[in-house]
Structures are given as structure tokens and as C-alpha cells.
Amino acid sequence: MAETVYATVAPLKKALNIPATDTSDDADLARHLATASRGIDRACGRHFYRDDIATAKVFPVVGRTLFAPEGHLLLTGDIATLDGVVVEEGYAYGQFTQATRFELSPLAPDPGWPHTGVATDRVWPHGPTGRVRVTAVWGWPAVPEDIVQATLLQAARLHRRKDSPEGVSGSAEWGLIRISRSDPDVAAMISPFVLPGFG
């Protein structure tokens with residue numbers, strides 16, 4: 001699936017006080033929105049769009065499992081929906097067998113949040129070659145509103161960079177000031193979504 005941009009040009013123009021009828025900067029604004037969206041993905045270690053179709057991913061068992069209240073939990077990444085999920089067990093370079101005893105975790109994620117793992121009450125194939133193949137629609141059910149707003153803020157910041165070459169801005173009244181490299185409001189908005197080890 002094509003990577004999704006998390007916000008549209010119209011609200012960005014409103015935030016920048018650009019008249020809706022002025023289309024001279026639209027291409028640049030769309031570019032800034034795409035750059036901001038992918039930057040947020042990199043900072044969070046995940047993407048917030050929903051894939052169009054289910055695809056298969058193979059996960060090593062070693063290093064991705066932990067014992068949780070729901071059983072042996074395999075961390076898979078974001079699964080957008082229960083629909084069409086297929087879980088298969090096997091070993092590297094071998095055949096996979098469909099698993100029948102599994103649940104997605106968390107069982108009831110917070111509204112708008114994805115499932116992030118697959119649990120079994122047995123033991124996943126063990127050893128360094130143990131593998132689990134999960135076929136699912138990956139991503140988030142919908143783009144969270146905080147991510148939309150963070151994208152708009154970051155895109156507006158990118159657009160204004162043309163007025164602050166070398167990261168310096170100023171006026172006759174206030175003098176020169178250095179623009180910080182990161183926006184604290186963007187950082188605060190995306191912080192709940194950052195996976196451990198990222199950001």
C-alpha cells in the first residue's frame with residue numbers, strides 16, 4: 001500500500017493563514033505534509049495508516065516472546081483488525097502449520113488502538129529456528145487525532161523554515177533567535193505512540 005499522509009493541505013493552509021484560494025504553495029505544502037508524516041513514523045517506530053490488504057510476516061520466536069497473563073505472547077507489531085488474521089507455526093526453512101489456539105493481544109485494546117501481539121496457552125515453536133507466520137491487515141484502525149495534529153504542526157514548521165535560514169530567525173524589534181531543532185508540542189503529542197527503543 002502507498003504510504004498515507006496523515007493530514008491534508010486545507011487545514012495546513014488555515015494554520016499558516018494562507019487563503020484557501022491561493023494555490024501557489026500547495027505543492028510545497030503537500031511535500032511538507034508527506035515529510036512530516038514519514039518523520040513521525042520514524043520517530044515512533046511504527047506507521048499509523050492501515051494497509052489495504054492482509055499480508056504475511058514471519059517472526060522469530062526467540063527475542064519476541066514473553067510470558068503474559070494471556071499466555072505465551074509473541075510481539076508482532078500493529079494489527080489493525082481481527083478480520084482475516086491467520087497464524088501459522090513452524091521452523092526456519094520448513095513448512096508452517098496453521099495454529100488454532102491463539103488470541104490477539106490485547107484482547108480489547110483502547111478504542112482506536114491496534115492489537116500488538118498474538119498469545120497462545122501452549123508454547124510457540126522454540127529454539128533459534130522457531131518461527132510464527134502471521135497474516136493480517138497491518139497498521140492502525142484509523143490515524144489517531146494526535147498524529148494528525150502533530151503532522152500539521154511539523155509541516156507548518158517545515159514550511160516556515162524558508163523564513164529562518166540556518167535555523168535562525170529574527171526581527172528588528174527582538175533581534176536574532178535560534179530555532180530549536182525539535183518542536184516540544186510535536187514531541188508531546190507523539191510520545192504516547194513511541195515504541196520502546198525509538199524516538
# chains A, B, ... in the order shown; residues from 1 in each chain; ligands from 1
call {"tool": "closest_atom_pairs", "arguments": {"of": "range 20-130 of chain A", "to": "range 3-16 of chain A", "cutoff": "8 Å", "atoms": "only C-alpha atoms", "output": "JSON lines"}}
result
{"residue": "A:Ala20", "atom": "CA", "partner": "A:Lys13", "partner_atom": "CA", "distance": 6.8}
{"residue": "A:Asp26", "atom": "CA", "partner": "A:Val9", "partner_atom": "CA", "distance": 6.9}
{"residue": "A:Leu29", "atom": "CA", "partner": "A:Val9", "partner_atom": "CA", "distance": 6.4}
{"residue": "A:Ala30", "atom": "CA", "partner": "A:Val9", "partner_atom": "CA", "distance": 6.2}
{"residue": "A:Leu33", "atom": "CA", "partner": "A:Val5", "partner_atom": "CA", "distance": 6.5}
{"residue": "A:Ala34", "atom": "CA", "partner": "A:Val5", "partner_atom": "CA", "distance": 5.3}
{"residue": "A:Ser37", "atom": "CA", "partner": "A:Val5", "partner_atom": "CA", "distance": 5.7}
{"residue": "A:Tyr49", "atom": "CA", "partner": "A:Thr4", "partner_atom": "CA", "distance": 5.9}
call {"tool": "select_by_dssp", "arguments": {"residues": "range 51-197 of chain A", "states": "strand (DSSP E)", "output": "NGL selection string"}}
result
:A and (55-60 or 65-68 or 71-79 or 86-91 or 96-98 or 103-105 or 115-120 or 130-136 or 168-171 or 175-178)
call {"tool": "write_last_selection", "arguments": {"atoms": "N, CA and C atoms", "output": "short mmCIF file (atom, residue, chain, number, x, y, z; two decimals), in the first residue's frame"}}
result
data_model
loop_
_atom_site.label_atom_id
_atom_site.label_comp_id
_atom_site.auth_asym_id
_atom_site.auth_seq_id
_atom_site.Cartn_x
_atom_site.Cartn_y
_atom_site.Cartn_z
N THR A 55 -1.36 -9.18 4.61
CA THR A 55 -0.11 -9.74 4.12
C THR A 55 0.53 -10.55 5.23
N ALA A 56 1.43 -11.46 4.84
CA ALA A 56 2.07 -12.34 5.80
C ALA A 56 3.42 -11.77 6.24
N LYS A 57 3.71 -11.90 7.54
CA LYS A 57 5.02 -11.58 8.09
C LYS A 57 5.47 -12.76 8.94
N VAL A 58 6.76 -13.08 8.86
CA VAL A 58 7.32 -14.18 9.63
C VAL A 58 8.16 -13.60 10.77
N PHE A 59 7.90 -14.09 11.98
CA PHE A 59 8.57 -13.60 13.18
C PHE A 59 9.38 -14.70 13.84
N PRO A 60 10.63 -14.43 14.23
CA PRO A 60 11.36 -15.39 15.05
C PRO A 60 10.76 -15.42 16.45
N THR A 65 9.15 -13.04 22.35
CA THR A 65 8.09 -13.61 23.17
C THR A 65 8.33 -13.29 24.65
N LEU A 66 7.23 -13.23 25.35
CA LEU A 66 7.29 -13.06 26.80
C LEU A 66 6.09 -13.76 27.41
N PHE A 67 6.21 -14.04 28.70
CA PHE A 67 5.09 -14.68 29.39
C PHE A 67 4.20 -13.61 29.96
N ALA A 68 2.94 -13.62 29.55
CA ALA A 68 1.96 -12.61 29.96
C ALA A 68 0.75 -13.32 30.55
N GLY A 71 -0.92 -15.77 28.35
CA GLY A 71 -0.16 -16.92 27.87
C GLY A 71 1.18 -16.51 27.30
N HIS A 72 1.71 -17.32 26.41
CA HIS A 72 2.98 -17.01 25.76
C HIS A 72 2.70 -16.01 24.64
N LEU A 73 3.19 -14.79 24.82
CA LEU A 73 2.84 -13.67 23.95
C LEU A 73 3.96 -13.41 22.95
N LEU A 74 3.63 -13.45 21.68
CA LEU A 74 4.55 -13.10 20.60
C LEU A 74 4.25 -11.67 20.16
N LEU A 75 5.24 -10.80 20.23
CA LEU A 75 5.07 -9.40 19.82
C LEU A 75 5.18 -9.33 18.30
N THR A 76 4.16 -8.77 17.66
CA THR A 76 4.08 -8.81 16.20
C THR A 76 4.14 -7.45 15.52
N GLY A 77 3.90 -6.38 16.24
CA GLY A 77 3.65 -5.11 15.58
C GLY A 77 2.16 -4.88 15.49
N ASP A 78 1.77 -3.78 14.86
CA ASP A 78 0.38 -3.32 14.90
C ASP A 78 -0.51 -4.09 13.92
N ILE A 79 -1.59 -4.67 14.44
CA ILE A 79 -2.59 -5.36 13.64
C ILE A 79 -3.87 -4.55 13.71
N VAL A 86 -4.58 -14.90 10.22
CA VAL A 86 -4.19 -16.31 10.17
C VAL A 86 -2.83 -16.43 10.86
N VAL A 87 -2.72 -17.39 11.77
CA VAL A 87 -1.46 -17.62 12.50
C VAL A 87 -0.99 -19.03 12.19
N GLU A 88 0.29 -19.15 11.80
CA GLU A 88 0.88 -20.44 11.48
C GLU A 88 2.19 -20.60 12.24
N GLU A 89 2.49 -21.84 12.62
CA GLU A 89 3.69 -22.15 13.39
C GLU A 89 4.64 -23.02 12.56
N GLY A 90 5.94 -22.85 12.79
CA GLY A 90 6.89 -23.69 12.09
C GLY A 90 8.31 -23.37 12.49
N TYR A 91 9.22 -23.76 11.62
CA TYR A 91 10.63 -23.53 11.84
C TYR A 91 11.26 -22.97 10.58
N PHE A 96 4.91 -24.57 7.45
CA PHE A 96 4.14 -23.98 8.53
C PHE A 96 2.82 -24.72 8.68
N THR A 97 2.37 -24.84 9.93
CA THR A 97 1.09 -25.47 10.24
C THR A 97 0.18 -24.44 10.88
N GLN A 98 -1.07 -24.38 10.44
CA GLN A 98 -1.98 -23.36 10.97
C GLN A 98 -2.24 -23.59 12.45
N GLU A 103 -4.96 -16.06 20.59
CA GLU A 103 -5.77 -14.86 20.73
C GLU A 103 -4.90 -13.65 20.41
N LEU A 104 -5.52 -12.63 19.83
CA LEU A 104 -4.77 -11.39 19.64
C LEU A 104 -4.68 -10.65 20.96
N SER A 105 -3.60 -9.93 21.14
CA SER A 105 -3.35 -9.19 22.38
C SER A 105 -3.07 -7.73 22.05
N HIS A 115 -4.16 -4.16 17.86
CA HIS A 115 -3.59 -5.30 18.57
C HIS A 115 -2.09 -5.31 18.27
N THR A 116 -1.29 -5.79 19.20
CA THR A 116 0.16 -5.74 19.01
C THR A 116 0.85 -7.08 19.23
N GLY A 117 0.08 -8.14 19.42
CA GLY A 117 0.71 -9.44 19.62
C GLY A 117 -0.28 -10.57 19.48
N VAL A 118 0.26 -11.78 19.49
CA VAL A 118 -0.54 -13.00 19.42
C VAL A 118 -0.13 -13.89 20.59
N ALA A 119 -1.12 -14.33 21.37
CA ALA A 119 -0.85 -15.15 22.55
C ALA A 119 -1.39 -16.55 22.35
N THR A 120 -0.72 -17.52 22.96
CA THR A 120 -1.18 -18.91 22.97
C THR A 120 -1.06 -19.45 24.38
N GLY A 130 12.71 -21.40 15.65
CA GLY A 130 11.26 -21.32 15.79
C GLY A 130 10.71 -20.07 15.12
N ARG A 131 9.64 -20.24 14.37
CA ARG A 131 9.04 -19.14 13.61
C ARG A 131 7.52 -19.16 13.76
N VAL A 132 6.92 -17.97 13.68
CA VAL A 132 5.46 -17.83 13.60
C VAL A 132 5.16 -16.91 12.43
N ARG A 133 4.29 -17.36 11.54
CA ARG A 133 3.89 -16.54 10.39
C ARG A 133 2.48 -16.01 10.65
N VAL A 134 2.35 -14.70 10.61
CA VAL A 134 1.06 -14.04 10.87
C VAL A 134 0.63 -13.31 9.61
N THR A 135 -0.56 -13.64 9.15
CA THR A 135 -1.17 -12.93 8.02
C THR A 135 -2.26 -12.03 8.59
N ALA A 136 -2.16 -10.72 8.33
CA ALA A 136 -3.09 -9.76 8.92
C ALA A 136 -3.08 -8.47 8.11
N VAL A 168 17.93 30.21 12.01
CA VAL A 168 17.95 31.48 12.75
C VAL A 168 16.83 32.35 12.23
N SER A 169 16.08 32.93 13.16
CA SER A 169 15.01 33.85 12.80
C SER A 169 15.19 35.12 13.62
N GLY A 170 14.54 36.18 13.19
CA GLY A 170 14.69 37.41 13.96
C GLY A 170 13.90 38.56 13.38
N SER A 171 13.95 39.67 14.11
CA SER A 171 13.28 40.89 13.69
C SER A 171 14.06 42.07 14.24
N GLY A 175 15.63 41.05 17.64
CA GLY A 175 16.96 40.56 17.31
C GLY A 175 16.90 39.13 16.80
N LEU A 176 18.05 38.48 16.72
CA LEU A 176 18.13 37.13 16.20
C LEU A 176 17.90 36.10 17.30
N ILE A 177 17.18 35.03 16.95
CA ILE A 177 17.00 33.91 17.87
C ILE A 177 17.23 32.62 17.09
N ARG A 178 17.74 31.61 17.76
CA ARG A 178 17.94 30.31 17.11
C ARG A 178 16.69 29.46 17.32
#
call {"tool": "residues_around", "arguments": {"residues": "Val143 in chain A", "least_positions_apart": "3", "cutoff": "12 Å", "atoms": "only C-alpha atoms", "output": "PyMOL selection string"}}
result
chain A and resi 4-7+37+41+46-51+80+111-114+139-140+146-151+193
call {"tool": "write_last_selection", "arguments": {"atoms": "N, CA and C atoms", "output": "compact mmCIF listing (two decimals), in the first residue's frame"}}
result
# COMPACT_ATOMS: atom_id res chain seq x y z
N THR A 4 0.53 6.61 3.56
CA THR A 4 -0.51 7.61 3.74
C THR A 4 0.06 8.87 4.38
N VAL A 5 -0.41 10.02 3.90
CA VAL A 5 -0.09 11.30 4.53
C VAL A 5 -1.17 11.54 5.58
N TYR A 6 -0.76 11.96 6.78
CA TYR A 6 -1.67 11.99 7.92
C TYR A 6 -2.53 13.25 8.04
N ALA A 7 -2.33 14.21 7.19
CA ALA A 7 -3.16 15.42 7.22
C ALA A 7 -3.25 15.97 5.81
N SER A 37 4.84 13.35 7.95
CA SER A 37 4.23 12.05 8.23
C SER A 37 5.28 10.96 8.37
N ASP A 41 6.56 8.67 11.64
CA ASP A 41 6.70 7.21 11.59
C ASP A 41 8.07 6.79 12.13
N ARG A 46 6.81 3.05 14.04
CA ARG A 46 5.63 2.38 13.50
C ARG A 46 4.95 3.33 12.53
N HIS A 47 4.02 2.82 11.72
CA HIS A 47 3.23 3.71 10.88
C HIS A 47 1.78 3.66 11.31
N PHE A 48 1.04 4.72 10.99
CA PHE A 48 -0.32 4.88 11.52
C PHE A 48 -1.40 4.75 10.46
N TYR A 49 -1.02 4.36 9.26
CA TYR A 49 -2.03 4.08 8.24
C TYR A 49 -2.35 2.59 8.25
N ARG A 50 -3.47 2.26 7.66
CA ARG A 50 -3.94 0.87 7.61
C ARG A 50 -3.68 0.31 6.23
N ASP A 51 -3.03 -0.85 6.16
CA ASP A 51 -2.78 -1.48 4.87
C ASP A 51 -4.11 -1.83 4.19
N ALA A 80 -4.36 -4.10 12.55
CA ALA A 80 -5.47 -3.15 12.52
C ALA A 80 -6.82 -3.76 12.84
N PRO A 111 -9.92 2.12 22.54
CA PRO A 111 -10.57 2.49 21.28
C PRO A 111 -9.60 3.18 20.33
N GLY A 112 -9.56 2.69 19.09
CA GLY A 112 -8.70 3.28 18.07
C GLY A 112 -7.29 2.73 18.04
N TRP A 113 -6.93 1.90 19.03
CA TRP A 113 -5.58 1.34 19.08
C TRP A 113 -5.57 -0.06 18.47
N PRO A 114 -4.43 -0.50 17.96
CA PRO A 114 -4.35 -1.81 17.32
C PRO A 114 -4.03 -2.93 18.32
N GLY A 139 -1.14 -2.22 10.63
CA GLY A 139 -1.31 -0.79 10.80
C GLY A 139 -2.32 -0.47 11.88
N TRP A 140 -2.87 0.72 11.80
CA TRP A 140 -3.83 1.20 12.80
C TRP A 140 -5.23 1.22 12.21
N ASP A 146 -4.17 12.83 17.51
CA ASP A 146 -2.92 13.45 17.95
C ASP A 146 -1.86 13.38 16.85
N ILE A 147 -1.85 12.31 16.09
CA ILE A 147 -0.89 12.17 14.99
C ILE A 147 -1.22 13.15 13.87
N VAL A 148 -2.50 13.35 13.61
CA VAL A 148 -2.91 14.34 12.60
C VAL A 148 -2.42 15.73 13.01
N GLN A 149 -2.66 16.10 14.27
CA GLN A 149 -2.26 17.43 14.73
C GLN A 149 -0.75 17.60 14.76
N ALA A 150 -0.03 16.55 15.16
CA ALA A 150 1.43 16.62 15.16
C ALA A 150 1.96 16.79 13.75
N THR A 151 1.33 16.14 12.79
CA THR A 151 1.73 16.27 11.39
C THR A 151 1.53 17.69 10.90
N PHE A 193 2.78 7.25 21.55
CA PHE A 193 2.76 6.30 20.46
C PHE A 193 4.15 5.73 20.14
call {"tool": "closest_residue", "arguments": {"among": "A:Thr35, A:Thr23, A:Asp28, A:Gly63", "to": "Gly127 in chain A", "atoms": "only C-alpha atoms"}}
result
A:Gly63
call {"tool": "closest_residue", "arguments": {"among": "A:Ala99, A:Ala188, A:Ala156, A:Leu82", "to": "Asp121 in chain A", "atoms": "only C-alpha atoms"}}
result
A:Ala99
call {"tool": "residues_around", "arguments": {"residues": "Asp183 in chain A", "least_positions_apart": "4", "cutoff": "10 Å", "atoms": "only C-alpha atoms", "output": "PDB file with C-alpha atoms, in the first residue's frame"}}
result
ATOM      1  CA  ALA A 150       1.429  16.623  15.165  1.00  0.00           C
ATOM      2  CA  LEU A 153       2.431  21.313  13.401  1.00  0.00           C
ATOM      3  CA  GLN A 154       5.553  19.754  11.937  1.00  0.00           C
ATOM      4  CA  ARG A 157       7.294  24.295  10.908  1.00  0.00           C
ATOM      5  CA  ILE A 179      15.051  28.000  16.262  1.00  0.00           C
ATOM      6  CA  ALA A 187       7.203  15.542  20.794  1.00  0.00           C
ATOM      7  CA  ALA A 188       4.498  15.636  23.475  1.00  0.00           C
TER       8      ALA A 188
END
call {"tool": "select_by_dssp", "arguments": {"residues": "chain A", "states": "helix (DSSP H, G or I)", "output": "PyMOL selection string"}}
result
chain A and resi 9-15+26-44+145-163+165-167+184-193
call {"tool": "closest_residue", "arguments": {"among": "A:Ala155, A:Ala108, A:Ile40, A:Ala92", "to": "Pro128 in chain A", "atoms": "only C-alpha atoms"}}
result
A:Ala92
call {"tool": "atom_distance", "arguments": {"atom1": "CA of Pro109 in chain A", "atom2": "CA of Thr81 in chain A"}}
result
10.9 Å
call {"tool": "closest_residue", "arguments": {"among": "A:Arg38, A:Arg101, A:His159, A:His32", "to": "Arg122 in chain A", "atoms": "only C-alpha atoms"}}
result
A:Arg101
call {"tool": "atom_distance", "arguments": {"atom1": "CA of Ala54 in chain A", "atom2": "CA of Trp124 in chain A"}}
result
22.2 Å
